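J.: To be precise about what I am sending: the file is called target12.cif and holds mmCIF, N, CA and C atoms.
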```cif
data_upload
#
loop_
_atom_site.label_atom_id
_atom_site.label_comp_id
_atom_site.auth_asym_id
_atom_site.auth_seq_id
_atom_site.Cartn_x
_atom_site.Cartn_y
_atom_site.Cartn_z
N MET A 1 53.42 145.47 154.28
CA MET A 1 54.13 145.99 155.43
C MET A 1 54.32 147.49 155.35
N GLY A 2 54.26 148.02 154.15
CA GLY A 2 54.50 149.44 153.97
C GLY A 2 53.57 150.34 154.75
N GLU A 3 52.34 149.91 154.98
CA GLU A 3 51.37 150.72 155.70
C GLU A 3 51.26 150.35 157.17
N ASP A 4 51.96 149.30 157.60
CA ASP A 4 51.87 148.83 158.98
C ASP A 4 52.52 149.83 159.93
N ALA A 5 51.86 150.19 161.00
CA ALA A 5 52.38 151.18 161.94
C ALA A 5 53.66 150.72 162.63
N THR A 6 53.81 149.43 162.83
CA THR A 6 55.01 148.91 163.48
C THR A 6 56.11 148.61 162.49
N GLY A 7 55.76 148.04 161.34
CA GLY A 7 56.75 147.60 160.37
C GLY A 7 56.87 146.10 160.42
N GLY A 8 57.87 145.56 159.76
CA GLY A 8 57.99 144.12 159.76
C GLY A 8 59.25 143.61 159.10
N LEU A 9 59.24 142.33 158.82
CA LEU A 9 60.41 141.67 158.27
C LEU A 9 59.99 140.53 157.37
N LEU A 10 60.86 140.20 156.44
CA LEU A 10 60.66 139.02 155.63
C LEU A 10 61.11 137.82 156.44
N ALA A 11 60.44 136.71 156.27
CA ALA A 11 60.79 135.50 157.02
C ALA A 11 60.39 134.28 156.21
N VAL A 12 61.00 133.16 156.55
CA VAL A 12 60.74 131.89 155.89
C VAL A 12 60.29 130.88 156.94
N PRO A 13 59.22 130.14 156.67
CA PRO A 13 58.81 129.12 157.65
C PRO A 13 59.96 128.13 157.93
N VAL A 14 60.14 127.78 159.17
CA VAL A 14 61.20 126.84 159.56
C VAL A 14 60.81 125.44 159.12
N ALA A 15 61.73 124.76 158.45
CA ALA A 15 61.48 123.39 157.98
C ALA A 15 62.09 122.35 158.91
N ASP A 16 63.11 122.74 159.65
CA ASP A 16 63.80 121.80 160.53
C ASP A 16 63.02 121.56 161.82
N THR A 17 63.27 120.43 162.45
CA THR A 17 62.75 120.17 163.78
C THR A 17 63.69 120.85 164.76
N LEU A 18 63.15 121.69 165.63
CA LEU A 18 63.95 122.43 166.58
C LEU A 18 63.67 121.97 168.00
N LYS A 19 64.71 121.77 168.76
CA LYS A 19 64.62 121.31 170.14
C LYS A 19 65.07 122.43 171.08
N ARG A 20 64.33 122.61 172.16
CA ARG A 20 64.76 123.53 173.22
C ARG A 20 65.45 122.69 174.27
N ALA A 21 66.68 123.07 174.62
CA ALA A 21 67.49 122.28 175.55
C ALA A 21 67.77 123.07 176.83
N SER A 22 68.02 122.34 177.91
CA SER A 22 68.40 122.95 179.17
C SER A 22 69.87 123.37 179.11
N ARG A 23 70.30 124.06 180.12
CA ARG A 23 71.72 124.45 180.18
C ARG A 23 72.63 123.24 180.29
N GLU A 24 72.07 122.13 180.75
CA GLU A 24 72.85 120.89 180.87
C GLU A 24 72.87 120.10 179.56
N GLY A 25 72.20 120.60 178.54
CA GLY A 25 72.19 119.93 177.26
C GLY A 25 71.13 118.84 177.13
N ARG A 26 70.12 118.88 177.96
CA ARG A 26 69.02 117.91 177.89
C ARG A 26 67.85 118.52 177.14
N VAL A 27 67.25 117.75 176.24
CA VAL A 27 66.09 118.24 175.50
C VAL A 27 64.94 118.44 176.47
N MET A 28 64.38 119.65 176.42
CA MET A 28 63.24 119.98 177.28
C MET A 28 61.93 119.80 176.52
N ARG A 29 61.95 120.15 175.21
CA ARG A 29 60.76 119.98 174.38
C ARG A 29 61.11 120.23 172.92
N THR A 30 60.21 119.80 172.07
CA THR A 30 60.29 120.08 170.65
C THR A 30 59.38 121.26 170.36
N GLU A 31 59.91 122.26 169.67
CA GLU A 31 59.13 123.45 169.34
C GLU A 31 58.21 123.15 168.15
N LEU A 32 57.05 123.74 168.14
CA LEU A 32 56.12 123.58 167.03
C LEU A 32 56.62 124.41 165.85
N ARG A 33 57.06 123.76 164.80
CA ARG A 33 57.64 124.49 163.67
C ARG A 33 56.61 125.35 162.95
N GLU A 34 55.33 125.02 163.08
CA GLU A 34 54.29 125.83 162.43
C GLU A 34 54.27 127.26 162.95
N GLU A 35 54.82 127.47 164.14
CA GLU A 35 54.82 128.79 164.76
C GLU A 35 56.17 129.50 164.63
N LEU A 36 57.14 128.86 163.97
CA LEU A 36 58.49 129.40 163.90
C LEU A 36 58.83 129.88 162.50
N TRP A 37 59.51 131.03 162.44
CA TRP A 37 59.92 131.63 161.18
C TRP A 37 61.38 132.04 161.30
N GLN A 38 62.13 131.85 160.23
CA GLN A 38 63.53 132.28 160.18
C GLN A 38 63.56 133.69 159.62
N ALA A 39 64.01 134.64 160.44
CA ALA A 39 64.05 136.04 160.03
C ALA A 39 65.08 136.26 158.94
N GLN A 40 64.76 137.18 158.04
CA GLN A 40 65.68 137.55 156.97
C GLN A 40 65.93 139.05 157.02
N THR A 41 66.84 139.49 156.20
CA THR A 41 67.10 140.91 156.04
C THR A 41 66.80 141.28 154.61
N PRO A 42 66.42 142.51 154.33
CA PRO A 42 66.34 143.62 155.28
C PRO A 42 65.05 143.55 156.10
N GLN A 43 65.09 144.23 157.24
CA GLN A 43 63.90 144.39 158.07
C GLN A 43 63.45 145.83 157.95
N MET A 44 62.16 146.07 157.99
CA MET A 44 61.62 147.39 157.67
C MET A 44 60.79 147.94 158.81
N PHE A 45 61.26 149.03 159.40
CA PHE A 45 60.55 149.65 160.51
C PHE A 45 60.56 151.16 160.35
N ARG A 46 59.59 151.81 160.97
CA ARG A 46 59.55 153.27 160.97
C ARG A 46 60.82 153.78 161.65
N CYS A 47 61.44 154.77 161.05
CA CYS A 47 62.76 155.24 161.49
C CYS A 47 62.77 155.66 162.96
N ARG A 48 61.85 156.53 163.36
CA ARG A 48 61.85 157.01 164.75
C ARG A 48 61.63 155.87 165.73
N LEU A 49 60.73 154.95 165.36
CA LEU A 49 60.45 153.79 166.22
C LEU A 49 61.69 152.92 166.36
N LEU A 50 62.38 152.67 165.26
CA LEU A 50 63.58 151.84 165.30
C LEU A 50 64.69 152.50 166.10
N VAL A 51 64.88 153.79 165.92
CA VAL A 51 65.92 154.51 166.67
C VAL A 51 65.65 154.40 168.17
N GLU A 52 64.40 154.59 168.57
CA GLU A 52 64.04 154.48 170.00
C GLU A 52 64.26 153.05 170.49
N ALA A 53 63.85 152.07 169.70
CA ALA A 53 64.01 150.67 170.10
C ALA A 53 65.48 150.32 170.27
N LEU A 54 66.32 150.77 169.36
CA LEU A 54 67.76 150.48 169.46
C LEU A 54 68.41 151.24 170.61
N ARG A 55 67.89 152.41 170.92
CA ARG A 55 68.43 153.22 172.03
C ARG A 55 68.27 152.50 173.36
N VAL A 56 67.12 151.85 173.57
CA VAL A 56 66.85 151.21 174.85
C VAL A 56 67.18 149.71 174.86
N ALA A 57 67.57 149.17 173.73
CA ALA A 57 67.83 147.73 173.62
C ALA A 57 69.09 147.33 174.38
N ASN A 58 69.06 146.14 174.94
CA ASN A 58 70.23 145.54 175.58
C ASN A 58 70.99 144.77 174.50
N PRO A 59 72.16 145.26 174.09
CA PRO A 59 72.87 144.61 172.98
C PRO A 59 73.31 143.17 173.26
N SER A 60 73.32 142.75 174.50
CA SER A 60 73.70 141.37 174.80
C SER A 60 72.52 140.41 174.62
N VAL A 61 71.31 140.95 174.43
CA VAL A 61 70.11 140.14 174.29
C VAL A 61 69.49 140.26 172.90
N ILE A 62 69.50 141.45 172.33
CA ILE A 62 68.86 141.73 171.06
C ILE A 62 69.79 141.33 169.92
N THR A 63 69.28 140.53 168.97
CA THR A 63 70.12 140.06 167.87
C THR A 63 69.76 140.66 166.52
N ASP A 64 68.62 141.36 166.44
CA ASP A 64 68.24 142.00 165.18
C ASP A 64 67.28 143.15 165.46
N GLU A 65 66.96 143.91 164.41
CA GLU A 65 66.08 145.06 164.56
C GLU A 65 64.71 144.64 165.08
N SER A 66 64.18 143.54 164.56
CA SER A 66 62.87 143.06 165.01
C SER A 66 62.88 142.78 166.51
N GLY A 67 63.94 142.20 167.00
CA GLY A 67 64.06 141.93 168.44
C GLY A 67 64.00 143.19 169.27
N ALA A 68 64.62 144.27 168.76
CA ALA A 68 64.58 145.55 169.47
C ALA A 68 63.15 146.09 169.49
N ILE A 69 62.45 145.96 168.37
CA ILE A 69 61.05 146.41 168.30
C ILE A 69 60.18 145.57 169.24
N GLU A 70 60.40 144.26 169.25
CA GLU A 70 59.65 143.36 170.14
C GLU A 70 59.87 143.73 171.60
N HIS A 71 61.10 144.14 171.94
CA HIS A 71 61.44 144.52 173.30
C HIS A 71 60.58 145.69 173.78
N LEU A 72 60.09 146.50 172.85
CA LEU A 72 59.20 147.61 173.20
C LEU A 72 57.77 147.13 173.44
N GLY A 73 57.52 145.82 173.25
CA GLY A 73 56.19 145.28 173.43
C GLY A 73 55.36 145.27 172.16
N LEU A 74 55.98 145.56 171.03
CA LEU A 74 55.28 145.59 169.74
C LEU A 74 55.43 144.25 169.03
N HIS A 75 54.61 144.03 168.02
CA HIS A 75 54.59 142.76 167.31
C HIS A 75 54.77 143.00 165.81
N PRO A 76 56.01 142.94 165.32
CA PRO A 76 56.25 143.16 163.89
C PRO A 76 55.49 142.16 163.02
N LYS A 77 55.16 142.60 161.84
CA LYS A 77 54.46 141.78 160.86
C LYS A 77 55.49 140.95 160.09
N THR A 78 55.15 139.70 159.79
CA THR A 78 56.03 138.88 158.96
C THR A 78 55.49 138.85 157.54
N GLY A 79 56.40 138.85 156.60
CA GLY A 79 56.06 138.71 155.20
C GLY A 79 56.81 137.52 154.64
N ASP A 80 56.22 136.82 153.71
CA ASP A 80 56.84 135.62 153.14
C ASP A 80 58.09 135.99 152.38
N GLY A 81 59.22 135.54 152.87
CA GLY A 81 60.52 135.87 152.28
C GLY A 81 61.10 134.78 151.41
N ARG A 82 60.30 133.80 151.03
CA ARG A 82 60.85 132.70 150.24
C ARG A 82 61.37 133.14 148.88
N CYS A 83 60.92 134.28 148.39
CA CYS A 83 61.40 134.79 147.11
C CYS A 83 62.50 135.83 147.28
N ALA A 84 62.86 136.11 148.51
CA ALA A 84 63.86 137.14 148.78
C ALA A 84 65.25 136.65 148.42
N GLN A 85 66.16 137.58 148.28
CA GLN A 85 67.55 137.24 147.98
C GLN A 85 68.17 136.58 149.20
N PRO A 86 68.77 135.39 149.04
CA PRO A 86 69.35 134.70 150.19
C PRO A 86 70.61 135.39 150.70
N GLU A 87 70.83 135.27 151.99
CA GLU A 87 72.07 135.76 152.59
C GLU A 87 73.17 134.74 152.34
N SER A 88 74.40 135.19 152.42
CA SER A 88 75.54 134.29 152.27
C SER A 88 76.55 134.55 153.37
N PRO A 89 76.21 134.20 154.61
CA PRO A 89 77.13 134.49 155.71
C PRO A 89 78.30 133.51 155.81
N TYR A 90 78.24 132.39 155.11
CA TYR A 90 79.28 131.39 155.22
C TYR A 90 79.85 131.07 153.84
N PRO A 91 81.16 130.75 153.76
CA PRO A 91 81.78 130.43 152.47
C PRO A 91 81.08 129.29 151.73
N GLN A 92 80.58 128.29 152.45
CA GLN A 92 79.91 127.17 151.78
C GLN A 92 78.62 127.62 151.10
N ASP A 93 78.02 128.74 151.55
CA ASP A 93 76.83 129.27 150.90
C ASP A 93 77.15 129.75 149.49
N LEU A 94 78.36 130.28 149.29
CA LEU A 94 78.74 130.75 147.97
C LEU A 94 78.85 129.59 146.99
N ALA A 95 79.37 128.46 147.45
CA ALA A 95 79.46 127.27 146.59
C ALA A 95 78.06 126.79 146.22
N LEU A 96 77.14 126.82 147.16
CA LEU A 96 75.76 126.41 146.88
C LEU A 96 75.11 127.37 145.89
N ALA A 97 75.33 128.66 146.07
CA ALA A 97 74.77 129.65 145.16
C ALA A 97 75.32 129.45 143.75
N GLU A 98 76.61 129.16 143.64
CA GLU A 98 77.22 128.93 142.33
C GLU A 98 76.58 127.70 141.66
N LEU A 99 76.37 126.64 142.43
CA LEU A 99 75.75 125.43 141.89
C LEU A 99 74.33 125.73 141.40
N ILE A 100 73.56 126.47 142.17
CA ILE A 100 72.20 126.82 141.78
C ILE A 100 72.20 127.64 140.49
N LEU A 101 73.09 128.62 140.42
CA LEU A 101 73.16 129.46 139.23
C LEU A 101 73.56 128.66 137.99
N ARG A 102 74.49 127.73 138.15
CA ARG A 102 74.91 126.90 137.02
C ARG A 102 73.75 126.04 136.52
N ASN A 103 72.96 125.50 137.43
CA ASN A 103 71.84 124.63 137.05
C ASN A 103 70.67 125.40 136.46
N ASN A 104 70.64 126.72 136.64
CA ASN A 104 69.56 127.52 136.09
C ASN A 104 69.88 128.07 134.70
N ASP A 105 71.06 127.81 134.19
CA ASP A 105 71.44 128.29 132.85
C ASP A 105 70.79 127.50 131.76
#
```
Give the structure from this file in structure tokens form.

T.:
Amino acid sequence: MGEDATGGLLAVPVADTLKRASREGRVMRTELREELWQAQTPQMFRCRLLVEALRVANPSVITDESGAIEHLGLHPKTGDGRCAQPESPYPQDLALAELILRNND
């Protein structure tokens, strides 16, 4: 990704079955998991490109840096993030991390 003109992000292939639902809560279709990736951080983009993307991004629609870059019509590169450091956004993640660390001793 270091030489890519657009930049990219680490991601992990989605293992879960994902459903797209209507506003009424009815399943419309099952998404093909082979085409889905769970984005991770950090994401890596050229500074000027990212600044411009964030400047024009709609904050109510864009949820990450890659989304802002995509909004410009660009296609960030994905890199396999399975070896990356996991995020811990929830307290239960810390308990899982502690269990993993204990079992690796």

J.: So the first atom is CA of Ala68 in chain A and the second is CA of Gly25 in chain A; what is the distance between them in Å, to one decimal place?

T.: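 So the two atoms, CA of Ala68 in chain A and CA of Gly25 in chain A, lie 27.8 Å apart.
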
J.: Which neighbours of Thr78 in chain A fall inside 6 Å, counting all atoms listed in the file, when residues of the same chain fewer than 5 positions from it are skipped, and could you give them as a VMD selection string?

T.: chain A and resid 8 to 11

J.: Tell me, in Å to one decimal, how far atom N of Ala39 in chain A is from CA of Thr63 in chain A.

T.: 11.0 Å

J.: Please expand the PyMOL selection byres ((chain A and resi 14) around 6) into the concrete residues it hits in this file, giving the result as a list in words.

T.: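 When the PyMOL selection byres ((chain A and resi 14) around 6) is applied to the shown file, the picked residues are Val12, Pro13, Ala15, Asp16, Arg33, Leu36, Trp37 and Gln38 of chain A.
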
J.: Find the distance between atom N of Pro76 in chain A and atom C of Gly7 in chain A and write it in Å to one decimal.

T.: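 Separation of atom N of Pro76 in chain A and atom C of Gly7 in chain A: 5.9 Å.
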
J.: Using the chain letters and numbers from this document, which residues of chain A does DSSP assign to strand (DSSP E), as a ChimeraX atom specification?

T.: /A:7-13,19-21,27-30,37-45,77-80

J.: Between A:His75, A:Thr6, A:Leu32, A:Ala21, which one has atoms that come closest to Leu50 in chain A, using all atoms listed in the file?

T.: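 Using all atoms listed in the file, the shortest distance to Leu50 in chain A belongs to A:Thr6.
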
J.: Just say which residues the PyMOL selection byres (((chain A and resi 17-19 and name CA) around 6) and name CA) picks in this file, as a PyMOL selection string.

T.: chain A and resi 16+20+29-31

J.: For the structure provided, state which residues fall under the PyMOL selection byres ((chain A and resi 43) around 7), and present them as a list in words.

T.: Gly8, Leu9, Leu10, Gln40, Thr41, Pro42, Met44, Phe45, Glu65 and Ser66 of chain A

J.: For Ala53 in chain A, list every protein, DNA or RNA residue within 8 Å, evaluated using all atoms listed in the file, and leave out those in the same chain fewer than 6 positions away; present the list as a PDB file with N, CA and C atoms, keeping the file's coordinate frame.

T.:
```
ATOM      1  N   CYS A  47      61.440 154.770 161.050  1.00  0.00           N
ATOM      2  CA  CYS A  47      62.760 155.240 161.490  1.00  0.00           C
ATOM      3  C   CYS A  47      62.770 155.660 162.960  1.00  0.00           C
ATOM      4  N   GLU A  65      66.960 143.910 164.410  1.00  0.00           N
ATOM      5  CA  GLU A  65      66.080 145.060 164.560  1.00  0.00           C
ATOM      6  C   GLU A  65      64.710 144.640 165.080  1.00  0.00           C
ATOM      7  N   GLY A  67      63.940 142.200 167.000  1.00  0.00           N
ATOM      8  CA  GLY A  67      64.060 141.930 168.440  1.00  0.00           C
ATOM      9  C   GLY A  67      64.000 143.190 169.270  1.00  0.00           C
ATOM     10  N   ALA A  68      64.620 144.270 168.760  1.00  0.00           N
ATOM     11  CA  ALA A  68      64.580 145.550 169.470  1.00  0.00           C
ATOM     12  C   ALA A  68      63.150 146.090 169.490  1.00  0.00           C
ATOM     13  N   ILE A  69      62.450 145.960 168.370  1.00  0.00           N
ATOM     14  CA  ILE A  69      61.050 146.410 168.300  1.00  0.00           C
ATOM     15  C   ILE A  69      60.180 145.570 169.240  1.00  0.00           C
ATOM     16  N   GLU A  70      60.400 144.260 169.250  1.00  0.00           N
ATOM     17  CA  GLU A  70      59.650 143.360 170.140  1.00  0.00           C
ATOM     18  C   GLU A  70      59.870 143.730 171.600  1.00  0.00           C
ATOM     19  N   HIS A  71      61.100 144.140 171.940  1.00  0.00           N
ATOM     20  CA  HIS A  71      61.440 144.520 173.300  1.00  0.00           C
ATOM     21  C   HIS A  71      60.580 145.690 173.780  1.00  0.00           C
ATOM     22  N   LEU A  72      60.090 146.500 172.850  1.00  0.00           N
ATOM     23  CA  LEU A  72      59.200 147.610 173.200  1.00  0.00           C
ATOM     24  C   LEU A  72      57.770 147.130 173.440  1.00  0.00           C
TER      25      LEU A  72
END
```

J.: Quick one: DSSP helix (DSSP H, G or I) residues in chain A, as number ranges by chain?

T.: A: 33-35, 47-56, 65-71, 91-103
